[in-house]
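This is data25.cif. It holds mmCIF, C-alpha atoms.
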```cif
data_run
#
loop_
_atom_site.label_atom_id
_atom_site.label_comp_id
_atom_site.auth_asym_id
_atom_site.auth_seq_id
_atom_site.Cartn_x
_atom_site.Cartn_y
_atom_site.Cartn_z
CA MET A 21 97.98 118.56 112.62
CA LEU A 22 98.67 114.90 112.79
CA LYS A 23 100.72 113.41 115.55
CA LEU A 24 104.00 111.64 115.05
CA LYS A 25 102.38 108.31 115.84
CA GLU A 26 99.95 108.61 112.97
CA TYR A 27 102.81 109.31 110.56
CA LYS A 28 104.50 106.21 111.86
CA ASN A 29 101.31 104.31 111.19
CA ILE A 30 101.09 105.60 107.60
CA PHE A 31 104.68 104.57 107.09
CA SER A 32 104.38 101.03 108.38
CA MET A 33 101.20 100.58 106.33
CA GLY A 34 102.87 101.71 103.13
CA VAL A 35 106.15 99.93 103.62
CA PHE A 36 105.06 96.61 105.11
CA LYS A 37 101.38 95.87 105.65
CA ASP A 38 100.11 97.28 102.38
CA ASN A 39 103.33 97.02 100.42
CA PRO A 40 102.37 97.84 96.85
CA ILE A 41 104.33 95.00 95.30
CA PHE A 42 103.90 91.89 97.37
CA ARG A 43 100.56 92.72 99.00
CA GLN A 44 98.74 94.36 96.11
CA ILE A 45 100.73 93.14 93.08
CA LEU A 46 100.85 96.65 91.62
CA GLY A 47 103.51 98.24 89.52
CA ILE A 48 105.44 95.09 88.83
CA CYS A 49 106.17 95.88 85.18
CA SER A 50 108.98 98.19 86.09
CA ALA A 51 109.85 96.15 89.16
CA LEU A 52 110.86 93.32 86.87
CA ALA A 53 112.45 95.30 84.09
CA VAL A 54 114.97 97.43 85.97
CA THR A 55 116.09 94.97 88.64
CA ASN A 56 118.99 93.40 86.77
CA LEU A 57 121.31 96.00 88.33
CA MET A 58 121.07 97.52 91.79
CA LEU A 59 122.02 100.99 90.62
CA ASN A 60 119.19 101.07 88.07
CA SER A 61 116.72 99.88 90.69
CA PHE A 62 117.90 102.49 93.14
CA VAL A 63 117.51 105.33 90.66
CA MET A 64 114.13 104.00 89.54
CA GLY A 65 113.04 103.80 93.18
CA LEU A 66 114.12 107.40 93.86
CA GLY A 67 112.25 108.55 90.78
CA LEU A 68 109.13 106.72 91.89
CA ILE A 69 109.30 108.09 95.45
CA PHE A 70 109.57 111.60 94.01
CA VAL A 71 106.64 111.12 91.63
CA THR A 72 104.31 109.35 94.11
CA SER A 73 104.90 111.79 96.93
CA PHE A 74 104.57 114.98 94.89
CA SER A 75 101.63 113.83 92.82
CA SER A 76 99.83 112.73 96.00
CA LEU A 77 100.57 116.16 97.45
CA THR A 78 99.28 117.98 94.37
CA VAL A 79 96.18 115.84 94.04
CA SER A 80 95.43 116.40 97.68
CA ILE A 81 95.88 120.18 97.46
CA ILE A 82 93.49 120.58 94.55
CA ARG A 83 91.08 117.83 95.65
CA GLN A 84 88.28 120.23 96.54
CA TYR A 85 88.42 122.01 93.21
CA THR A 86 88.56 118.97 90.94
CA PRO A 87 85.24 117.88 89.46
CA ARG A 88 84.74 114.24 90.38
CA HIS A 89 84.11 112.83 86.93
CA ILE A 90 87.31 114.15 85.34
CA ARG A 91 89.56 113.43 88.32
CA MET A 92 91.27 110.46 86.62
CA MET A 93 92.35 112.65 83.72
CA VAL A 94 93.59 115.35 86.09
CA GLN A 95 95.55 112.81 88.12
CA THR A 96 97.14 111.34 85.01
CA LEU A 97 98.21 114.80 83.85
CA ILE A 98 99.70 115.66 87.25
CA ILE A 99 101.60 112.37 87.31
CA SER A 100 102.89 112.87 83.75
CA ALA A 101 104.16 116.32 84.64
CA TYR A 102 106.29 114.96 87.48
CA VAL A 103 107.51 112.05 85.37
CA ILE A 104 108.69 114.52 82.74
CA ILE A 105 110.68 116.33 85.44
CA VAL A 106 112.33 113.04 86.45
CA ASP A 107 113.08 112.20 82.83
CA ILE A 108 114.64 115.57 82.05
CA VAL A 109 116.77 115.55 85.20
CA LEU A 110 118.02 112.03 84.48
CA LYS A 111 118.82 112.90 80.89
CA ALA A 112 120.76 116.00 81.91
CA TYR A 113 122.79 114.63 84.81
CA TYR A 114 122.90 110.83 84.39
CA PRO A 115 122.68 110.13 80.65
CA THR A 116 124.00 106.56 80.95
CA ILE A 117 121.41 105.56 83.52
CA SER A 118 118.71 107.34 81.55
CA GLU A 119 119.67 105.24 78.53
CA ALA A 120 119.71 102.02 80.53
CA LEU A 121 116.26 102.65 81.96
CA GLY A 122 114.99 103.50 78.49
CA PRO A 123 111.22 103.66 78.23
CA TYR A 124 110.69 102.54 81.81
CA VAL A 125 111.07 106.08 83.15
CA GLY A 126 108.11 107.11 81.01
CA LEU A 127 106.25 104.06 82.14
CA ILE A 128 106.20 105.38 85.70
CA ILE A 129 103.04 107.15 84.47
CA THR A 130 101.18 103.90 84.05
CA ASN A 131 102.59 102.48 87.26
CA CYS A 132 99.40 101.58 89.08
CA ILE A 133 100.92 102.34 92.48
CA ILE A 134 100.82 106.10 91.94
CA MET A 135 97.31 106.18 90.53
CA GLY A 136 96.20 103.85 93.32
CA ARG A 137 97.57 106.09 96.07
CA CYS A 138 96.11 109.23 94.48
CA GLU A 139 92.73 107.61 94.09
CA SER A 140 92.47 105.83 97.43
CA TYR A 141 94.32 108.16 99.79
CA ALA A 142 95.22 111.60 98.46
CA GLN A 143 91.72 112.19 97.10
CA ASN A 144 90.25 112.13 100.63
CA ASN A 145 93.05 113.38 102.86
CA PRO A 146 94.88 116.64 103.64
CA PRO A 147 98.14 117.40 101.79
CA LEU A 148 100.75 116.55 104.42
CA PRO A 149 99.58 113.02 105.27
CA ALA A 150 99.01 112.42 101.55
CA PHE A 151 102.61 113.40 100.87
CA MET A 152 103.86 111.05 103.59
CA ASP A 153 101.66 108.27 102.28
CA GLY A 154 103.20 108.71 98.84
CA VAL A 155 106.71 108.59 100.30
CA ALA A 156 105.84 105.44 102.25
CA SER A 157 104.47 103.61 99.22
CA GLY A 158 107.49 104.65 97.21
CA VAL A 159 109.87 103.43 99.90
CA GLY A 160 108.03 100.10 100.09
CA TYR A 161 108.38 99.74 96.34
CA THR A 162 112.06 100.69 96.32
CA MET A 163 112.79 98.22 99.11
CA ILE A 164 111.40 95.27 97.16
CA LEU A 165 113.16 96.46 94.02
CA LEU A 166 116.48 96.52 95.84
CA ILE A 167 115.92 93.07 97.37
CA ILE A 168 115.22 91.55 93.96
CA ALA A 169 118.08 93.43 92.34
CA PHE A 170 120.46 92.35 95.10
CA PHE A 171 119.99 88.68 94.27
CA ARG A 172 119.82 89.16 90.52
CA GLU A 173 122.97 91.25 90.29
CA LEU A 174 124.89 89.15 92.82
CA LEU A 175 124.07 85.84 91.18
CA GLY A 176 124.09 87.12 87.62
CA PHE A 177 127.16 89.37 87.53
CA GLY A 178 128.80 88.58 90.88
CA SER A 179 128.73 92.29 91.73
CA LEU A 180 126.78 94.81 93.83
CA PHE A 181 126.19 98.40 92.64
CA GLY A 182 128.75 97.63 89.95
CA TYR A 183 131.52 96.61 92.40
CA GLN A 184 132.82 93.09 91.94
CA VAL A 185 132.00 91.13 95.10
CA LEU A 186 132.35 87.53 94.10
CA GLY A 187 135.64 86.55 92.51
CA GLY A 188 136.41 84.70 89.32
CA TRP A 189 135.50 81.37 90.93
CA TRP A 190 131.82 82.31 90.76
CA PRO A 191 130.05 80.80 87.74
CA ARG A 192 127.83 83.67 86.65
CA TRP A 193 124.19 82.72 86.38
CA ILE A 194 123.35 84.48 83.15
CA PHE A 195 119.86 83.12 83.68
CA MET A 196 119.29 85.56 86.57
CA ILE A 197 119.83 88.60 84.35
CA MET A 198 117.48 87.34 81.68
CA PRO A 199 113.69 87.89 81.96
CA PRO A 200 112.82 84.45 83.43
CA GLY A 201 115.15 85.11 86.35
CA ALA A 202 113.13 88.21 87.19
CA PHE A 203 109.85 86.32 87.17
CA PHE A 204 111.15 83.56 89.43
CA MET A 205 112.81 86.00 91.81
CA LEU A 206 109.65 88.07 92.25
CA ALA A 207 107.61 84.90 92.78
CA ILE A 208 110.00 83.81 95.52
CA VAL A 209 109.85 87.22 97.22
CA ILE A 210 106.04 87.12 97.15
CA TRP A 211 106.08 83.59 98.50
CA VAL A 212 108.36 84.47 101.42
CA ALA A 213 106.39 87.63 102.20
CA ASN A 214 103.06 85.81 102.12
CA THR A 215 104.29 83.03 104.38
CA LEU A 216 105.76 85.48 106.88
CA SER A 217 102.68 87.69 106.99
CA ALA A 218 100.36 84.69 107.25
CA LYS A 219 102.34 83.59 110.28
CA SER A 220 102.17 86.99 111.98
CA GLU A 221 98.43 87.20 111.30
CA GLU A 222 97.95 83.82 112.95
CA ASP A 223 99.86 85.05 115.99
CA GLN A 224 97.67 88.13 116.18
CA LEU A 225 94.54 86.03 115.97
CA GLN A 226 95.71 83.70 118.66
CA VAL A 227 96.52 86.40 121.21
CA PRO A 228 92.98 87.83 121.60
CA ALA A 229 91.53 84.33 121.56
CA THR A 230 93.55 83.24 124.58
CA ALA A 231 92.94 86.54 126.33
CA LYS A 232 89.20 86.04 125.93
CA ALA A 233 89.37 82.50 127.24
CA GLY A 234 91.20 83.80 130.31
CA GLY A 235 88.54 86.45 130.83
CA VAL A 236 85.73 83.93 130.84
CA GLU A 237 87.34 81.83 133.49
CA MET B 410 117.63 101.68 61.14
CA THR B 411 116.42 99.57 58.27
CA VAL B 412 114.92 96.42 59.66
CA HIS B 413 112.50 94.67 57.38
CA PRO B 414 108.89 95.03 58.63
CA PHE B 415 108.40 91.28 58.56
CA VAL B 416 111.37 90.82 60.88
CA ILE B 417 109.86 93.37 63.27
CA LEU B 418 106.53 91.57 63.16
CA PHE B 419 108.08 88.23 63.99
CA ALA B 420 110.37 89.68 66.63
CA SER B 421 107.64 91.64 68.38
CA ILE B 422 105.46 88.55 68.64
CA PHE B 423 108.07 86.02 69.68
CA THR B 424 111.56 87.19 70.55
CA SER B 425 110.78 90.58 72.10
CA ASN B 426 107.40 89.65 73.44
CA MET B 427 105.92 92.56 75.39
CA ILE B 428 105.21 90.51 78.49
CA LEU B 429 107.83 87.82 78.45
CA SER B 430 110.88 89.87 77.65
CA ASN B 431 109.87 93.47 78.34
CA PHE B 432 107.56 92.89 81.32
CA LEU B 433 104.96 95.31 80.02
CA GLY B 434 101.29 94.98 80.86
CA MET B 435 101.93 92.65 83.78
CA CYS B 436 99.20 94.09 86.03
CA SER B 437 96.29 93.14 83.79
CA PHE B 438 98.15 90.03 82.64
CA ILE B 439 97.99 88.65 86.17
CA ALA B 440 94.57 90.02 87.04
CA VAL B 441 92.65 88.98 83.92
CA SER B 442 94.30 85.69 82.94
CA LYS B 443 91.93 83.46 84.89
CA GLU B 444 89.67 82.42 82.02
CA ILE B 445 90.34 81.88 78.34
CA ARG B 446 87.22 83.74 77.19
CA THR B 447 87.87 86.96 79.07
CA SER B 448 91.56 86.99 78.26
CA LEU B 449 90.73 86.51 74.59
CA GLY B 450 88.47 89.58 74.81
CA LEU B 451 91.15 91.66 76.46
CA GLY B 452 93.73 90.38 73.99
CA GLN B 453 91.63 91.50 71.02
CA ALA B 454 91.08 94.90 72.56
CA VAL B 455 94.81 95.30 73.20
CA ILE B 456 95.73 94.36 69.61
CA PHE B 457 93.28 96.91 68.28
CA VAL B 458 94.29 99.71 70.62
CA THR B 459 98.07 99.22 70.29
CA THR B 460 97.84 99.31 66.51
CA GLY B 461 95.62 102.39 66.53
CA THR B 462 97.53 104.36 69.13
CA THR B 463 100.92 103.59 67.58
CA ILE B 464 99.73 105.03 64.28
CA ILE B 465 98.31 108.15 65.90
CA ASN B 466 101.28 108.64 68.20
CA PHE B 467 103.69 108.26 65.28
CA LEU B 468 101.90 110.97 63.34
CA VAL B 469 101.59 113.26 66.36
CA TYR B 470 105.23 112.81 67.33
CA HIS B 471 106.71 113.31 63.89
CA TYR B 472 104.40 115.98 62.52
CA ILE B 473 103.45 118.01 65.59
CA LEU B 474 105.95 117.53 68.41
CA MET B 475 109.18 117.30 66.38
CA PRO B 476 108.70 120.45 64.27
CA LEU B 477 107.80 122.40 67.40
CA GLY B 478 110.74 120.99 69.36
CA LEU B 479 108.46 119.67 72.09
CA GLU B 480 109.76 116.10 72.26
CA TYR B 481 109.98 116.23 76.04
CA LEU B 482 106.19 116.55 76.23
CA ARG B 483 105.75 113.14 74.64
CA PHE B 484 104.70 111.34 77.83
CA ILE B 485 101.76 113.64 78.42
CA VAL B 486 100.79 113.75 74.77
CA PHE B 487 100.97 109.96 74.34
CA ILE B 488 98.90 109.25 77.41
CA ILE B 489 96.27 111.76 76.32
CA THR B 490 96.15 110.19 72.84
CA ILE B 491 95.71 106.76 74.35
CA ALA B 492 92.98 107.87 76.74
CA ALA B 493 91.17 109.74 73.97
CA PHE B 494 91.52 106.86 71.52
CA VAL B 495 90.14 104.36 74.00
CA GLN B 496 87.23 106.66 74.78
CA LEU B 497 86.52 107.14 71.08
CA VAL B 498 86.70 103.44 70.31
CA GLU B 499 84.37 102.75 73.19
CA MET B 500 81.77 105.18 71.84
CA ILE B 501 82.01 103.93 68.25
CA VAL B 502 81.87 100.28 69.23
CA GLU B 503 78.93 100.90 71.53
CA ARG B 504 77.01 102.71 68.81
CA TYR B 505 77.65 100.40 65.84
CA MET B 506 78.71 97.02 67.20
CA PRO B 507 76.73 96.43 70.38
CA THR B 508 77.56 92.71 70.56
CA LEU B 509 81.29 93.40 70.42
CA TYR B 510 80.79 96.15 72.98
CA TYR B 511 79.25 93.76 75.46
CA SER B 512 81.99 91.21 74.97
CA LEU B 513 84.78 93.77 75.37
CA GLY B 514 82.79 95.89 77.82
CA ILE B 515 84.84 96.45 80.93
CA PHE B 516 88.18 95.84 79.25
CA LEU B 517 88.27 98.99 77.17
CA PRO B 518 88.63 101.47 80.05
CA LEU B 519 91.18 99.17 81.70
CA ILE B 520 93.41 99.44 78.66
CA THR B 521 94.21 103.11 79.27
CA VAL B 522 96.39 102.12 82.20
CA ASN B 523 97.93 99.09 80.51
CA CYS B 524 101.63 99.86 80.34
CA ALA B 525 102.05 97.76 77.20
CA ILE B 526 100.21 100.39 75.16
CA LEU B 527 102.31 103.32 76.32
CA GLY B 528 105.40 101.12 76.20
CA VAL B 529 104.91 100.34 72.51
CA SER B 530 104.69 104.04 71.68
CA LEU B 531 107.81 104.83 73.72
CA PHE B 532 109.80 101.99 72.16
CA MET B 533 108.74 103.26 68.74
CA VAL B 534 110.27 106.66 69.52
CA ILE B 535 113.43 105.29 71.12
CA ARG B 536 114.16 102.88 68.26
CA SER B 537 113.22 105.58 65.70
CA TYR B 538 111.04 103.40 63.51
CA SER B 539 109.61 104.52 60.20
CA PHE B 540 105.85 104.66 59.69
CA ILE B 541 105.46 101.15 58.26
CA GLN B 542 107.79 99.71 60.88
CA SER B 543 105.77 101.40 63.64
CA VAL B 544 102.45 100.05 62.39
CA VAL B 545 103.82 96.53 62.15
CA PHE B 546 105.51 96.84 65.52
CA GLY B 547 102.28 98.04 67.16
CA PHE B 548 100.26 95.22 65.67
CA GLY B 549 102.88 92.55 66.43
CA SER B 550 103.30 93.66 70.02
CA GLY B 551 99.55 93.53 70.59
CA LEU B 552 99.39 90.09 69.02
CA GLY B 553 102.29 88.84 71.13
CA TRP B 554 100.62 90.16 74.26
CA ALA B 555 97.32 88.49 73.37
CA LEU B 556 99.11 85.22 72.62
CA ALA B 557 100.84 85.22 75.99
CA ILE B 558 97.72 86.05 78.00
CA VAL B 559 95.57 83.43 76.25
CA ALA B 560 98.25 80.78 76.75
CA MET B 561 98.51 81.75 80.39
CA ALA B 562 94.73 81.57 80.86
CA GLY B 563 94.76 78.08 79.35
CA ILE B 564 97.39 76.96 81.83
CA ARG B 565 95.74 78.64 84.80
CA GLN B 566 92.43 76.88 84.18
CA ARG B 567 94.23 73.60 84.78
CA LEU B 568 95.81 74.89 87.97
CA LYS B 569 92.59 74.93 89.96
CA ASN B 570 92.97 71.30 90.99
CA SER B 571 96.71 71.35 91.61
CA PRO B 572 98.22 71.27 95.09
CA ILE B 573 100.01 74.63 95.26
CA PRO B 574 101.79 75.75 98.46
CA LYS B 575 99.64 78.22 100.35
CA GLY B 576 101.91 81.24 100.14
CA LEU B 577 102.41 80.75 96.43
CA GLN B 578 98.76 80.65 95.39
CA GLY B 579 97.45 83.35 93.04
CA PRO B 580 100.05 85.81 91.77
CA GLY B 581 103.04 83.79 92.98
CA ILE B 582 102.40 80.72 90.91
CA THR B 583 101.34 82.88 87.96
CA LEU B 584 104.73 84.56 88.02
CA ILE B 585 106.54 81.24 88.10
CA ILE B 586 104.54 80.00 85.11
CA THR B 587 105.28 83.25 83.32
CA GLY B 588 108.95 82.61 84.02
CA LEU B 589 108.69 79.15 82.48
CA MET B 590 106.89 80.60 79.45
CA ALA B 591 109.61 83.20 79.11
CA LEU B 592 112.21 80.43 79.20
CA ALA B 593 110.37 78.65 76.41
CA PHE B 594 110.23 81.84 74.36
CA ILE B 595 113.97 82.34 74.73
CA GLY B 596 114.20 79.39 72.34
CA PHE B 597 113.08 81.77 69.59
CA SER B 598 115.70 84.37 70.38
CA GLY B 599 118.37 83.05 68.02
CA ILE B 600 116.13 83.51 64.99
CA VAL B 601 115.78 87.27 64.75
CA LYS B 602 116.83 90.14 66.91
CA ILE B 603 115.67 93.72 67.34
CA GLN B 604 117.67 95.55 70.00
#
```

Entire entry expressed as structure tokens:
Amino acid sequence: MLKLKEYKNIFSMGVFKDNPIFRQILGICSALAVTNLMLNSFVMGLGLIFVTSFSSLTVSIIRQYTPRHIRMMVQTLIISAYVIIVDIVLKAYYPTISEALGPYVGLIITNCIIMGRCESYAQNNPPLPAFMDGVASGVGYTMILLIIAFFRELLGFGSLFGYQVLGGWWPRWIFMIMPPGAFFMLAIVIWVANTLSAKSEEDQLQVPATAKAGGVE
Amino acid sequence: MTVHPFVILFASIFTSNMILSNFLGMCSFIAVSKEIRTSLGLGQAVIFVTTGTTIINFLVYHYILMPLGLEYLRFIVFIITIAAFVQLVEMIVERYMPTLYYSLGIFLPLITVNCAILGVSLFMVIRSYSFIQSVVFGFGSGLGWALAIVAMAGIRQRLKNSPIPKGLQGPGITLIITGLMALAFIGFSGIVKIQ
């Protein structure tokens, strides 16, 4: 059994250090398409967390019985099965959201994040950590989605989760809801994230350097 | 829906461009758009595969899944069709057109996970196109995708000597350029409209 600390480690890796969107530029198709409204992004994020975690779990459970050369096909089939579950549930209980998300629910299958986690982590690790790793990646993805959607919905519609926040005095930036707004917003998020992480890496590099210098003296 | 095929062709290339207005196929769009030659290769492969898979998926959906009432299985079936089609094309091209095979080479397997391909098939189902409409839509979407990636590669080649802020280098600046391209393509949007 893994200790709590290691779970924490998996989580911080998935959510911050190795965040699928701004560190690895994976799965941005859907990140751009559904972020015009926060509610859509939230539902999409939940769907993705469900699919990543359970497909990682399944891949990990059957990893010893899967022949290596057909593993991609097996992974794709496992992922599709979970995506179908998400699609059916959405259609049954939230038909309006299902309609708004349109083909993007199905496109979770080709979201590289899931395949990437299955291939790089679940394939070589026991089920429970693999499950947690899937959850962490999904949470990291959802977080970015919500950040982008927050700005797009606030500036574009003046609302959050459908509730009007900014009054009539706010000139709605229709531009933010249209595709170019999504591209610019994601670029800005990546820019901020890169600058912040570059700074923290510099700090980390500096600390051992000074410690060493002290040791020599 | 009775939209003229020509309208669909025009719309899928310009006004509803797969990348610039539907955000599909972004992963490979950013990864492979560094050189004009390679992006041209990938573009060709995408045109070919979208057209082929849309035709097959149309037939499978309307003549196998619909009569059996298995529409909910379409994700799995479509992805299998795409994977199988790509594999088949790879074998045929390797056997009969070795020069083309070497120029497309690594791109063919990559295409299986390109969301644009699956996206085109899903859009086809959602908008309930007829056969001719689907074929034209598949071809047009592929062409639009290729157009965008080649244009992007052309711009990116010029970027090498530009002073870009450090945090924005690579994917960041690519996204901003894509945004500008999308803005330019919005200029077409008054002409025709599908959904």

* Once the PyMOL selection byres ((chain B) within 10 of (chain A)) has been applied to the shown file, what residues remain in the selection, as an NGL selection string? -> :B and (428-437 or 439-440 or 481-486 or 488-489 or 492 or 521-535 or 574-578 or 580-595)

* Structure fact -> The residue from B:Ala420, B:Val559, B:Leu517, B:Val441 with the smallest atom-to-atom distance to B:Leu497, counting all atoms listed in the file, is B:Leu517

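Taking all atoms listed in the file into account, A:Ala142 lies nearest to A:Thr72 out of the set A:Ser61, A:Ser118, A:Thr162, A:Thr72.
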
* Asked: Between atom CA of A:Gln143 and atom CA of A:Tyr85, what is the spacing in Å?
  -> 11.1 Å

* Asked: So how many Å separate atom CA of B:Gly478 and atom CA of A:Val106, to one decimal?
  ->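 Computed distance, atom CA of B:Gly478 to atom CA of A:Val106, equals 18.9 Å.
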
* Could you write out as a list in words the residues that the PyMOL selection byres ((chain A and resi 192) around 8) matches in the shown file? ->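 When the PyMOL selection byres ((chain A and resi 192) around 8) is applied, the selected residues are Leu175, Gly176, Phe177, Gly178, Trp190, Pro191, Trp193 and Ile194 of chain A.
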
* To do: Kindly provide, as a ChimeraX atom specification, the polymer residues lying within 12 Å of (89.1, 85.4, 78.7), counting all atoms listed in the file and using the coordinates exactly as they appear in the file.
  => /B:437-438,440-454,512-513,516,555-556,558-563,565-566

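What separates atom CA of B:Leu474 from atom CA of B:Ser425 is a distance of 27.6 Å.
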
* Residues matched by the PyMOL selection byres ((chain A and resi 156) around 8) as a VMD selection string -> chain A and resid 30 to 35 152 to 155 157 to 160

* Name the closest residue to B:Thr462 among the candidates B:Asn570, B:Ser598, B:Thr424, B:Ser543; distances are taken between atoms, counting all atoms listed in the file. =>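 Counting all atoms listed in the file, the residue closest to B:Thr462 is B:Ser543.
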
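Nearest residue to A:Val94 among A:Leu166, A:Lys28, A:Pro146, A:Glu139 is A:Glu139, counting all atoms listed in the file.
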